[in-house]
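Listing of work-v7.cif, mmCIF, C-alpha atoms
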data_protein
#
loop_
_atom_site.group_PDB
_atom_site.id
_atom_site.type_symbol
_atom_site.label_atom_id
_atom_site.label_comp_id
_atom_site.auth_asym_id
_atom_site.auth_seq_id
_atom_site.Cartn_x
_atom_site.Cartn_y
_atom_site.Cartn_z
ATOM 1 C CA MET A 1 15.477 -25.005 -34.561
ATOM 2 C CA GLU A 2 14.199 -26.369 -31.234
ATOM 3 C CA ASN A 3 17.247 -24.889 -29.478
ATOM 4 C CA ASN A 4 16.473 -21.493 -30.981
ATOM 5 C CA LEU A 5 12.851 -21.716 -29.917
ATOM 6 C CA GLY A 6 13.866 -22.812 -26.414
ATOM 7 C CA ALA A 7 16.323 -19.928 -26.081
ATOM 8 C CA ALA A 8 13.712 -17.450 -27.326
ATOM 9 C CA GLU A 9 11.149 -18.731 -24.845
ATOM 10 C CA ASP A 10 13.689 -18.654 -22.016
ATOM 11 C CA ALA A 11 14.686 -15.079 -22.878
ATOM 12 C CA ALA A 12 11.038 -14.002 -23.077
ATOM 13 C CA ALA A 13 10.373 -15.626 -19.676
ATOM 14 C CA ARG A 14 13.305 -13.760 -18.117
ATOM 15 C CA LEU A 15 11.986 -10.480 -19.481
ATOM 16 C CA ARG A 16 8.497 -11.254 -18.139
ATOM 17 C CA ASP A 17 10.032 -11.930 -14.711
ATOM 18 C CA LEU A 18 11.563 -8.453 -14.729
ATOM 19 C CA THR A 19 8.175 -6.887 -15.432
ATOM 20 C CA ALA A 20 6.506 -9.011 -12.758
ATOM 21 C CA ASP A 21 9.129 -7.963 -10.176
ATOM 22 C CA ARG A 22 8.560 -4.280 -10.904
ATOM 23 C CA ASP A 23 4.805 -4.822 -10.526
ATOM 24 C CA THR A 24 5.364 -6.588 -7.190
ATOM 25 C CA LEU A 25 7.600 -3.763 -5.986
ATOM 26 C CA ALA A 26 5.157 -1.032 -7.012
ATOM 27 C CA ALA A 27 2.214 -2.887 -5.464
ATOM 28 C CA GLY A 28 4.064 -3.383 -2.182
ATOM 29 C CA VAL A 29 4.927 0.261 -1.580
ATOM 30 C CA THR A 30 2.395 2.122 0.544
ATOM 31 C CA PRO A 31 2.521 5.908 0.905
ATOM 32 C CA PRO A 32 3.762 6.868 4.395
ATOM 33 C CA ARG A 33 0.624 8.838 5.289
ATOM 34 C CA ALA A 34 1.976 10.411 8.480
ATOM 35 C CA LEU A 35 5.036 11.758 6.673
ATOM 36 C CA VAL A 36 2.975 12.987 3.722
ATOM 37 C CA ALA A 37 0.716 14.738 6.249
ATOM 38 C CA ALA A 38 3.828 16.272 7.809
ATOM 39 C CA ILE A 39 4.671 17.843 4.433
ATOM 40 C CA GLY A 40 1.136 19.255 4.359
ATOM 41 C CA ALA A 41 1.658 20.622 7.879
ATOM 42 C CA LEU A 42 4.871 22.352 6.760
ATOM 43 C CA ALA A 43 2.953 23.992 3.917
ATOM 44 C CA ALA A 44 0.281 25.149 6.375
ATOM 45 C CA CYS A 45 2.973 26.623 8.661
ATOM 46 C CA TRP A 46 4.556 28.449 5.735
ATOM 47 C CA VAL A 47 1.240 29.995 4.682
ATOM 48 C CA ALA A 48 0.556 30.913 8.331
ATOM 49 C CA ALA A 49 3.931 32.716 8.376
ATOM 50 C CA ALA A 50 2.086 35.570 6.660
ATOM 51 C CA LEU A 51 0.846 36.491 10.149
ATOM 52 C CA ASP A 52 4.449 37.194 11.122
ATOM 53 C CA ALA A 53 5.072 39.389 8.078
ATOM 54 C CA ARG A 54 4.467 43.100 7.711
ATOM 55 C CA PRO A 55 2.711 43.523 4.376
ATOM 56 C CA GLY A 56 2.870 46.893 2.677
ATOM 57 C CA ALA A 57 5.608 49.354 1.686
ATOM 58 C CA ASP A 58 7.930 48.256 4.513
ATOM 59 C CA TYR A 59 7.357 44.566 3.795
ATOM 60 C CA GLN A 60 9.550 42.257 5.798
ATOM 61 C CA SER A 61 9.381 38.540 5.218
ATOM 62 C CA PRO A 62 9.700 36.366 8.317
ATOM 63 C CA SER A 63 13.029 34.542 8.481
ATOM 64 C CA TRP A 64 11.949 31.427 10.355
ATOM 65 C CA PRO A 65 10.198 29.750 7.361
ATOM 66 C CA TRP A 66 13.699 28.755 6.205
ATOM 67 C CA LEU A 67 13.606 26.301 9.060
ATOM 68 C CA LEU A 68 10.636 24.685 7.317
ATOM 69 C CA ALA A 69 12.824 24.023 4.269
ATOM 70 C CA GLY A 70 15.269 22.197 6.530
ATOM 71 C CA LEU A 71 12.432 20.196 8.056
ATOM 72 C CA LEU A 72 11.209 19.320 4.553
ATOM 73 C CA PHE A 73 14.581 17.719 3.783
ATOM 74 C CA VAL A 74 14.373 15.741 7.029
ATOM 75 C CA ILE A 75 10.886 14.478 6.111
ATOM 76 C CA LEU A 76 12.016 13.510 2.594
ATOM 77 C CA HIS A 77 14.900 11.592 4.158
ATOM 78 C CA LEU A 78 12.464 9.812 6.489
ATOM 79 C CA ILE A 79 10.201 8.906 3.542
ATOM 80 C CA ARG A 80 13.180 7.310 1.780
ATOM 81 C CA ARG A 81 14.085 5.362 4.899
ATOM 82 C CA ASP A 82 10.496 4.330 5.537
ATOM 83 C CA THR A 83 9.892 3.031 2.010
ATOM 84 C CA GLY A 84 13.426 1.726 1.437
ATOM 85 C CA LEU A 85 13.487 3.356 -1.993
ATOM 86 C CA LYS A 86 15.546 6.243 -3.331
ATOM 87 C CA PHE A 87 14.120 7.295 -6.679
ATOM 88 C CA ARG A 88 16.410 8.174 -9.570
ATOM 89 C CA ARG A 89 13.635 10.045 -11.371
ATOM 90 C CA LEU A 90 10.160 10.938 -10.174
ATOM 91 C CA GLY A 91 8.566 11.206 -13.606
ATOM 92 C CA ALA A 92 6.621 13.989 -15.307
ATOM 93 C CA ARG A 93 3.360 13.420 -13.395
ATOM 94 C CA ALA A 94 5.040 13.524 -9.969
ATOM 95 C CA ASN A 95 7.099 16.589 -10.899
ATOM 96 C CA GLY A 96 3.923 18.263 -12.145
ATOM 97 C CA ALA A 97 2.150 17.569 -8.845
ATOM 98 C CA ILE A 98 5.119 18.990 -6.894
ATOM 99 C CA ALA A 99 5.212 22.124 -9.072
ATOM 100 C CA LEU A 100 1.457 22.558 -8.645
ATOM 101 C CA ALA A 101 1.795 22.218 -4.853
ATOM 102 C CA ALA A 102 4.486 24.928 -4.837
ATOM 103 C CA LEU A 103 2.287 27.220 -6.940
ATOM 104 C CA VAL A 104 -0.731 26.638 -4.684
ATOM 105 C CA CYS A 105 1.385 27.499 -1.627
ATOM 106 C CA LEU A 106 2.691 30.683 -3.249
ATOM 107 C CA PHE A 107 -0.846 31.693 -4.188
ATOM 108 C CA LEU A 108 -2.205 30.971 -0.701
ATOM 109 C CA PHE A 109 0.720 32.820 0.905
ATOM 110 C CA SER A 110 -0.042 35.850 -1.262
ATOM 111 C CA VAL A 111 -3.720 35.654 -0.331
ATOM 112 C CA SER A 112 -2.723 35.398 3.337
ATOM 113 C CA LEU A 113 -0.532 38.507 3.069
ATOM 114 C CA GLY A 114 -3.508 40.317 1.546
ATOM 115 C CA LEU A 115 -5.748 39.188 4.396
ATOM 116 C CA VAL A 116 -3.224 40.336 7.013
ATOM 117 C CA SER A 117 -2.885 43.727 5.329
ATOM 118 C CA LEU A 118 -6.682 44.079 5.524
ATOM 119 C CA GLY A 119 -6.622 43.251 9.225
ATOM 120 C CA LEU A 120 -8.216 39.848 8.655
ATOM 121 C CA GLY A 121 -5.429 37.834 10.288
ATOM 122 C CA TRP A 122 -7.912 35.291 11.645
ATOM 123 C CA ALA A 123 -8.757 34.263 8.054
ATOM 124 C CA VAL A 124 -5.194 32.990 7.578
ATOM 125 C CA MET A 125 -6.365 29.917 9.453
ATOM 126 C CA ILE A 126 -8.557 29.113 6.441
ATOM 127 C CA THR A 127 -5.746 29.585 3.894
ATOM 128 C CA SER A 128 -3.429 27.475 6.070
ATOM 129 C CA LEU A 129 -5.993 24.706 6.210
ATOM 130 C CA ALA A 130 -6.384 24.946 2.425
ATOM 131 C CA ALA A 131 -2.584 24.685 2.038
ATOM 132 C CA PHE A 132 -2.498 21.598 4.243
ATOM 133 C CA THR A 133 -5.288 19.911 2.302
ATOM 134 C CA ALA A 134 -3.870 20.778 -1.124
ATOM 135 C CA VAL A 135 -0.272 19.824 -0.331
ATOM 136 C CA TYR A 136 -1.278 16.644 1.493
ATOM 137 C CA GLY A 137 -3.311 15.584 -1.548
ATOM 138 C CA LEU A 138 -0.718 16.607 -4.140
ATOM 139 C CA ALA A 139 2.192 15.053 -2.213
ATOM 140 C CA GLY A 140 0.219 11.794 -2.142
ATOM 141 C CA VAL A 141 -0.401 12.066 -5.886
ATOM 142 C CA ALA A 142 3.322 12.737 -6.478
ATOM 143 C CA PHE A 143 4.334 9.734 -4.371
ATOM 144 C CA ARG A 144 1.915 7.369 -6.077
ATOM 145 C CA ALA A 145 2.940 8.681 -9.517
ATOM 146 C CA ALA A 146 6.626 8.134 -8.706
ATOM 147 C CA VAL A 147 5.894 4.561 -7.605
ATOM 148 C CA ALA A 148 3.721 3.881 -10.671
ATOM 149 C CA GLN A 149 6.534 5.193 -12.842
ATOM 150 C CA LEU A 150 8.716 2.294 -11.673
ATOM 151 C CA ARG A 151 6.455 0.025 -13.725
ATOM 152 C CA ALA A 152 6.763 2.222 -16.783
ATOM 153 C CA VAL A 153 10.563 2.439 -16.880
ATOM 154 C CA PRO A 154 11.778 0.304 -19.778
ATOM 155 C CA HIS A 155 14.289 -2.375 -18.846
ATOM 156 C CA ALA A 156 16.964 -0.999 -21.117
ATOM 157 C CA MET B 1 21.435 2.948 -26.524
ATOM 158 C CA PRO B 2 24.113 0.338 -25.681
ATOM 159 C CA GLU B 3 25.022 -2.513 -27.998
ATOM 160 C CA PRO B 4 23.369 -5.846 -27.114
ATOM 161 C CA ARG B 5 25.868 -7.917 -25.108
ATOM 162 C CA PHE B 6 25.236 -11.164 -23.276
ATOM 163 C CA ASP B 7 26.699 -10.920 -19.755
ATOM 164 C CA GLU B 8 27.361 -14.143 -17.842
ATOM 165 C CA VAL B 9 27.500 -12.322 -14.500
ATOM 166 C CA VAL B 10 24.063 -10.715 -14.961
ATOM 167 C CA HIS B 11 22.328 -13.653 -16.698
ATOM 168 C CA PRO B 12 21.463 -16.054 -13.796
ATOM 169 C CA PRO B 13 17.777 -15.497 -12.896
ATOM 170 C CA THR B 14 18.211 -14.084 -9.391
ATOM 171 C CA ARG B 15 21.006 -11.715 -10.400
ATOM 172 C CA LEU B 16 19.039 -10.552 -13.435
ATOM 173 C CA ARG B 17 16.009 -9.862 -11.227
ATOM 174 C CA ILE B 18 18.167 -7.978 -8.686
ATOM 175 C CA CYS B 19 19.555 -5.755 -11.449
ATOM 176 C CA GLY B 20 16.066 -5.291 -12.921
ATOM 177 C CA LEU B 21 14.713 -3.990 -9.617
ATOM 178 C CA LEU B 22 17.701 -1.742 -8.948
ATOM 179 C CA ARG B 23 17.813 -0.293 -12.491
ATOM 180 C CA PRO B 24 15.125 2.450 -12.141
ATOM 181 C CA LEU B 25 16.196 3.422 -8.609
ATOM 182 C CA GLU B 26 19.090 5.329 -7.142
ATOM 183 C CA GLU B 27 19.263 3.006 -4.123
ATOM 184 C CA MET B 28 17.135 0.333 -2.513
ATOM 185 C CA ASP B 29 17.005 -1.068 1.004
ATOM 186 C CA PHE B 30 18.355 -4.628 1.233
ATOM 187 C CA ALA B 31 15.209 -5.745 3.112
ATOM 188 C CA VAL B 32 12.853 -4.349 0.446
ATOM 189 C CA LEU B 33 14.878 -6.034 -2.282
ATOM 190 C CA ARG B 34 14.816 -9.355 -0.377
ATOM 191 C CA ASP B 35 11.052 -9.173 0.246
ATOM 192 C CA THR B 36 10.256 -8.235 -3.358
ATOM 193 C CA LEU B 37 12.311 -11.121 -4.703
ATOM 194 C CA GLY B 38 10.992 -13.500 -2.050
ATOM 195 C CA ILE B 39 14.401 -14.985 -1.267
ATOM 196 C CA SER B 40 16.430 -15.438 1.922
ATOM 197 C CA ASP B 41 18.990 -13.022 3.350
ATOM 198 C CA ALA B 42 21.751 -15.529 2.666
ATOM 199 C CA THR B 43 20.795 -16.048 -0.979
ATOM 200 C CA LEU B 44 20.544 -12.329 -1.630
ATOM 201 C CA SER B 45 23.850 -11.631 0.141
ATOM 202 C CA LYS B 46 25.592 -14.319 -1.931
ATOM 203 C CA GLN B 47 24.275 -12.943 -5.230
ATOM 204 C CA LEU B 48 25.056 -9.354 -4.234
ATOM 205 C CA LYS B 49 28.601 -10.354 -3.340
ATOM 206 C CA ILE B 50 29.108 -11.760 -6.850
ATOM 207 C CA LEU B 51 27.654 -8.618 -8.423
ATOM 208 C CA ALA B 52 29.767 -6.398 -6.147
ATOM 209 C CA GLU B 53 32.944 -8.296 -7.017
ATOM 210 C CA ALA B 54 32.164 -7.719 -10.703
ATOM 211 C CA GLY B 55 31.790 -3.993 -9.911
ATOM 212 C CA TYR B 56 28.086 -4.003 -10.807
ATOM 213 C CA VAL B 57 26.584 -3.076 -7.423
ATOM 214 C CA ARG B 58 27.712 -1.108 -4.416
ATOM 215 C CA LEU B 59 26.529 -1.542 -0.854
ATOM 216 C CA ALA B 60 26.354 1.221 1.731
ATOM 217 C CA LYS B 61 25.420 0.782 5.368
ATOM 218 C CA THR B 62 23.765 3.480 7.438
ATOM 219 C CA THR B 63 22.749 3.454 11.057
ATOM 220 C CA SER B 64 19.109 3.402 11.935
ATOM 221 C CA PRO B 65 17.930 5.474 14.917
ATOM 222 C CA ALA B 66 14.721 3.436 14.851
ATOM 223 C CA ARG B 67 16.684 0.372 15.899
ATOM 224 C CA ARG B 68 18.142 0.124 19.379
ATOM 225 C CA ASP B 69 20.538 -2.673 18.471
ATOM 226 C CA ALA B 70 23.560 -2.391 16.235
ATOM 227 C CA ARG B 71 21.714 -3.431 13.079
ATOM 228 C CA ARG B 72 22.069 -1.120 10.140
ATOM 229 C CA ILE B 73 20.152 -0.386 6.963
ATOM 230 C CA THR B 74 22.033 -1.636 3.909
ATOM 231 C CA TRP B 75 21.416 0.364 0.754
ATOM 232 C CA VAL B 76 22.062 -1.398 -2.540
ATOM 233 C CA ALA B 77 22.655 0.402 -5.838
ATOM 234 C CA LEU B 78 23.692 -0.457 -9.375
ATOM 235 C CA THR B 79 26.963 1.149 -10.417
ATOM 236 C CA PRO B 80 27.236 2.824 -13.856
ATOM 237 C CA ALA B 81 29.062 -0.312 -15.063
ATOM 238 C CA GLY B 82 26.223 -2.440 -13.679
ATOM 239 C CA ARG B 83 23.599 -0.315 -15.441
ATOM 240 C CA ASN B 84 25.454 -0.560 -18.768
ATOM 241 C CA SER B 85 25.872 -4.323 -18.466
ATOM 242 C CA PHE B 86 22.241 -4.831 -17.468
ATOM 243 C CA ASP B 87 20.965 -2.646 -20.323
ATOM 244 C CA ALA B 88 23.183 -4.427 -22.848
ATOM 245 C CA HIS B 89 22.140 -7.834 -21.496
ATOM 246 C CA VAL B 90 18.433 -6.993 -21.672
ATOM 247 C CA LEU B 91 18.890 -5.855 -25.273
ATOM 248 C CA ALA B 92 20.570 -9.198 -26.001
ATOM 249 C CA LEU B 93 17.640 -11.036 -24.379
ATOM 250 C CA GLN B 94 15.182 -8.948 -26.407
ATOM 251 C CA GLU B 95 17.030 -9.881 -29.600
ATOM 252 C CA ILE B 96 16.886 -13.568 -28.677
ATOM 253 C CA ALA B 97 13.197 -13.280 -27.760
ATOM 254 C CA GLY B 98 12.487 -11.349 -30.949
ATOM 255 C CA THR B 99 11.176 -8.294 -29.102
ATOM 256 C CA ALA B 100 14.184 -6.011 -29.609
ATOM 257 C CA PRO B 101 13.354 -2.378 -30.401
ATOM 258 C CA VAL B 102 14.187 -1.202 -33.929
ATOM 259 C CA ARG B 103 17.655 0.358 -33.836
ATOM 260 C CA PRO B 104 18.353 3.448 -35.948
ATOM 261 C CA ASP B 105 21.089 2.942 -38.590
#
Please express what this file holds, its structure, as structure tokens.
Amino acid sequence: MENNLGAAEDAAARLRDLTADRDTLAAGVTPPRALVAAIGALAACWVAAALDARPGADYQSPSWPWLLAGLLFVILHLIRRDTGLKFRRLGARANGAIALAALVCLFLFSVSLGLVSLGLGWAVMITSLAAFTAVYGLAGVAFRAAVAQLRAVPHA
Amino acid sequence: MPEPRFDEVVHPPTRLRICGLLRPLEEMDFAVLRDTLGISDATLSKQLKILAEAGYVRLAKTTSPARRDARRITWVALTPAGRNSFDAHVLALQEIAGTAPVRPD
């Protein structure tokens, strides 16, 4: 009887240790602000690419924004190296924030194209700034949600 | 859901904690793992060697441009066999502790 109780307490303590370790890990990870800001800067550059486009019937999208996609992969790699963590899953909240950031960028790019077609190219500065702010904020939310999700993952 | 199975390789406290931290991640930096566990390089290396010999973890070294010397970043990951053994072991612990989830028939 005592042996059974001792084993049960020992097993429960081991399981509590696992939870405590995940809490320690999640609490110790700080978002790499400079790299998150770099993602925001990429979004701003992409929205500003509307200035290089020719909106209208003979629309031609600029080709150089593909370079931004390459830079995004480099930044994501640097975030992994900086934090020392490669996530298996980001979780629903983080994926939602990423999807929302993509939608905001698409919307702001469309608005920028409209502004350029109206001859208001200078106003693209405002949409670019909005893209930076939105993506910087949402990327931070996604990162924190992914880290918080480490706590929520069941042990088995 | 795997069947509960007590695993002698996973069971020692430090090895169980290593597996618990690696379980939700694809890979983890050796230094982050060491700092989170609060143990020495030597202790972690010894435990990882045992887990690697059992086929439960894999280690990969990459160069670091941030470092001017020859030191490298070591990434640690659970293998599929390691994940299965850890999951089965945790289920066994939950059964012993009386906190096991209800299993469908």
Next item on the list: Could you tell me which residues the PyMOL selection byres ((chain A and resi 88) around 7) returns for this structure, as a VMD selection string?
Entry: (chain A and resid 86 to 87 89 to 90) or (chain B and resid 24 to 26)
Margin query: What's around Pro2 (chain B) at 12 Å? Count all atoms listed in the file, leave out sequence neighbours fewer than 3 positions away in its own chain, and write the answer as a PyMOL selection string.
Written below: (chain A and resi 156) or (chain B and resi 5-6+81+83-92+103)
Note to self: Given the PyMOL selection byres ((chain B) within 6 of (chain A)) and the file above, list the residues it selects as a PyMOL selection string.
What the structure shows: chain B and resi 17+20+25-29+36+87+93+96-97
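All residues that come within 9 Å of the coordinates (-1.8, 21.5, 6.7), counting only C-alpha atoms, are given as Ala37, Ala38, Ile39, Gly40, Ala41, Leu42, Ala43, Ala44, Cys45, Ser128, Leu129, Ala130, Ala131, Phe132, Thr133, Ala134, Val135 and Tyr136 of chain A.
For the residues B:Ala52, B:Ala100, B:Leu78, B:Leu59, ranking by smallest atom-to-atom distance to Leu21 (chain B) using all atoms listed in the file places B:Leu78 first.
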Select all residues near (20.8, -17.4, -5.8) (cut-off 6 Å, inclusive, file coordinates), counting all atoms listed in the file, and output them as a CSV table (one decimal) with C-alpha atoms, in the frame of the given file.
chain,number,residue,atom,x,y,z
B,14,THR,CA,18.2,-14.1,-9.4
B,43,THR,CA,20.8,-16.0,-1.0
B,47,GLN,CA,24.3,-12.9,-5.2
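Taking CA of Leu78 (chain A) and CA of Val36 (chain A) as the two end points, the separation is 10.4 Å.
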With a distance cut-off of 10 Å and all atoms listed in the file, select the neighbouring residues of Phe107 (chain A), excluding the residue or stretch itself and same-chain residues fewer than 6 positions from it, and output the selection as a compact mmCIF listing (two decimals) with C-alpha atoms, in the frame of the given file.
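That gives us out.txt:
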# COMPACT_ATOMS: atom_id res chain seq x y z
CA VAL A 47 1.24 30.00 4.68
CA ALA A 101 1.80 22.22 -4.85
CA LEU A 113 -0.53 38.51 3.07
CA THR A 127 -5.75 29.58 3.89
CA ALA A 131 -2.58 24.68 2.04
Repair of region 50-60 of chain B at the level of all heavy atoms, as an mmCIF file, keeping the file's coordinate frame:
data_model
loop_
_atom_site.group_PDB
_atom_site.id
_atom_site.type_symbol
_atom_site.label_atom_id
_atom_site.label_comp_id
_atom_site.auth_asym_id
_atom_site.auth_seq_id
_atom_site.Cartn_x
_atom_site.Cartn_y
_atom_site.Cartn_z
ATOM 1 N N ILE B 50 28.600 -11.477 -5.496
ATOM 2 C CA ILE B 50 29.108 -11.760 -6.850
ATOM 3 C C ILE B 50 29.000 -10.506 -7.724
ATOM 4 O O ILE B 50 29.939 -10.145 -8.435
ATOM 5 C CB ILE B 50 28.336 -12.945 -7.483
ATOM 6 C CG1 ILE B 50 28.616 -14.217 -6.686
ATOM 7 C CG2 ILE B 50 28.696 -13.122 -8.947
ATOM 8 C CD1 ILE B 50 27.706 -15.389 -7.027
ATOM 9 N N LEU B 51 27.847 -9.835 -7.618
ATOM 10 C CA LEU B 51 27.654 -8.618 -8.423
ATOM 11 C C LEU B 51 28.620 -7.512 -7.974
ATOM 12 O O LEU B 51 29.137 -6.756 -8.803
ATOM 13 C CB LEU B 51 26.202 -8.136 -8.308
ATOM 14 C CG LEU B 51 25.156 -8.973 -9.046
ATOM 15 C CD1 LEU B 51 23.740 -8.573 -8.623
ATOM 16 C CD2 LEU B 51 25.296 -8.818 -10.564
ATOM 17 N N ALA B 52 28.858 -7.432 -6.665
ATOM 18 C CA ALA B 52 29.767 -6.398 -6.147
ATOM 19 C C ALA B 52 31.204 -6.685 -6.590
ATOM 20 O O ALA B 52 31.946 -5.744 -6.942
ATOM 21 C CB ALA B 52 29.674 -6.336 -4.627
ATOM 22 N N GLU B 53 31.579 -7.940 -6.592
ATOM 23 C CA GLU B 53 32.944 -8.296 -7.017
ATOM 24 C C GLU B 53 33.154 -7.988 -8.505
ATOM 25 O O GLU B 53 34.264 -7.695 -8.923
ATOM 26 C CB GLU B 53 33.210 -9.780 -6.730
ATOM 27 C CG GLU B 53 33.517 -10.032 -5.260
ATOM 28 C CD GLU B 53 33.588 -11.512 -4.889
ATOM 29 O OE1 GLU B 53 33.321 -12.363 -5.768
ATOM 30 O OE2 GLU B 53 33.879 -11.796 -3.720
ATOM 31 N N ALA B 54 32.075 -8.060 -9.272
ATOM 32 C CA ALA B 54 32.164 -7.719 -10.703
ATOM 33 C C ALA B 54 32.110 -6.204 -10.904
ATOM 34 O O ALA B 54 32.253 -5.725 -12.031
ATOM 35 C CB ALA B 54 31.018 -8.386 -11.464
ATOM 36 N N GLY B 55 31.862 -5.460 -9.817
ATOM 37 C CA GLY B 55 31.790 -3.993 -9.911
ATOM 38 C C GLY B 55 30.434 -3.510 -10.395
ATOM 39 O O GLY B 55 30.309 -2.378 -10.855
ATOM 40 N N TYR B 56 29.412 -4.367 -10.294
ATOM 41 C CA TYR B 56 28.086 -4.003 -10.807
ATOM 42 C C TYR B 56 27.157 -3.402 -9.745
ATOM 43 O O TYR B 56 26.203 -2.723 -10.090
ATOM 44 C CB TYR B 56 27.396 -5.223 -11.429
ATOM 45 C CG TYR B 56 28.022 -5.686 -12.733
ATOM 46 C CD1 TYR B 56 27.611 -6.855 -13.351
ATOM 47 C CD2 TYR B 56 29.024 -4.937 -13.354
ATOM 48 C CE1 TYR B 56 28.173 -7.283 -14.545
ATOM 49 C CE2 TYR B 56 29.599 -5.364 -14.541
ATOM 50 C CZ TYR B 56 29.174 -6.529 -15.130
ATOM 51 O OH TYR B 56 29.736 -6.946 -16.305
ATOM 52 N N VAL B 57 27.396 -3.701 -8.482
ATOM 53 C CA VAL B 57 26.584 -3.076 -7.423
ATOM 54 C C VAL B 57 27.511 -2.551 -6.332
ATOM 55 O O VAL B 57 28.654 -3.002 -6.177
ATOM 56 C CB VAL B 57 25.547 -4.035 -6.772
ATOM 57 C CG1 VAL B 57 24.569 -4.577 -7.760
ATOM 58 C CG2 VAL B 57 26.215 -5.143 -6.007
ATOM 59 N N ARG B 58 26.984 -1.572 -5.606
ATOM 60 C CA ARG B 58 27.712 -1.108 -4.416
ATOM 61 C C ARG B 58 26.757 -1.161 -3.242
ATOM 62 O O ARG B 58 25.540 -0.951 -3.395
ATOM 63 C CB ARG B 58 28.298 0.283 -4.626
ATOM 64 C CG ARG B 58 27.296 1.367 -4.792
ATOM 65 C CD ARG B 58 27.953 2.725 -4.998
ATOM 66 N NE ARG B 58 27.042 3.624 -5.691
ATOM 67 C CZ ARG B 58 26.002 4.208 -5.131
ATOM 68 N NH1 ARG B 58 25.749 3.987 -3.855
ATOM 69 N NH2 ARG B 58 25.204 4.995 -5.820
ATOM 70 N N LEU B 59 27.319 -1.426 -2.085
ATOM 71 C CA LEU B 59 26.529 -1.542 -0.854
ATOM 72 C C LEU B 59 26.985 -0.446 0.095
ATOM 73 O O LEU B 59 28.179 -0.183 0.224
ATOM 74 C CB LEU B 59 26.733 -2.911 -0.212
ATOM 75 C CG LEU B 59 26.458 -4.126 -1.109
ATOM 76 C CD1 LEU B 59 26.938 -5.406 -0.445
ATOM 77 C CD2 LEU B 59 24.973 -4.238 -1.387
ATOM 78 N N ALA B 60 26.020 0.176 0.745
ATOM 79 C CA ALA B 60 26.354 1.221 1.731
ATOM 80 C C ALA B 60 25.514 0.973 2.969
ATOM 81 O O ALA B 60 24.302 0.758 2.871
ATOM 82 C CB ALA B 60 26.073 2.590 1.140
#
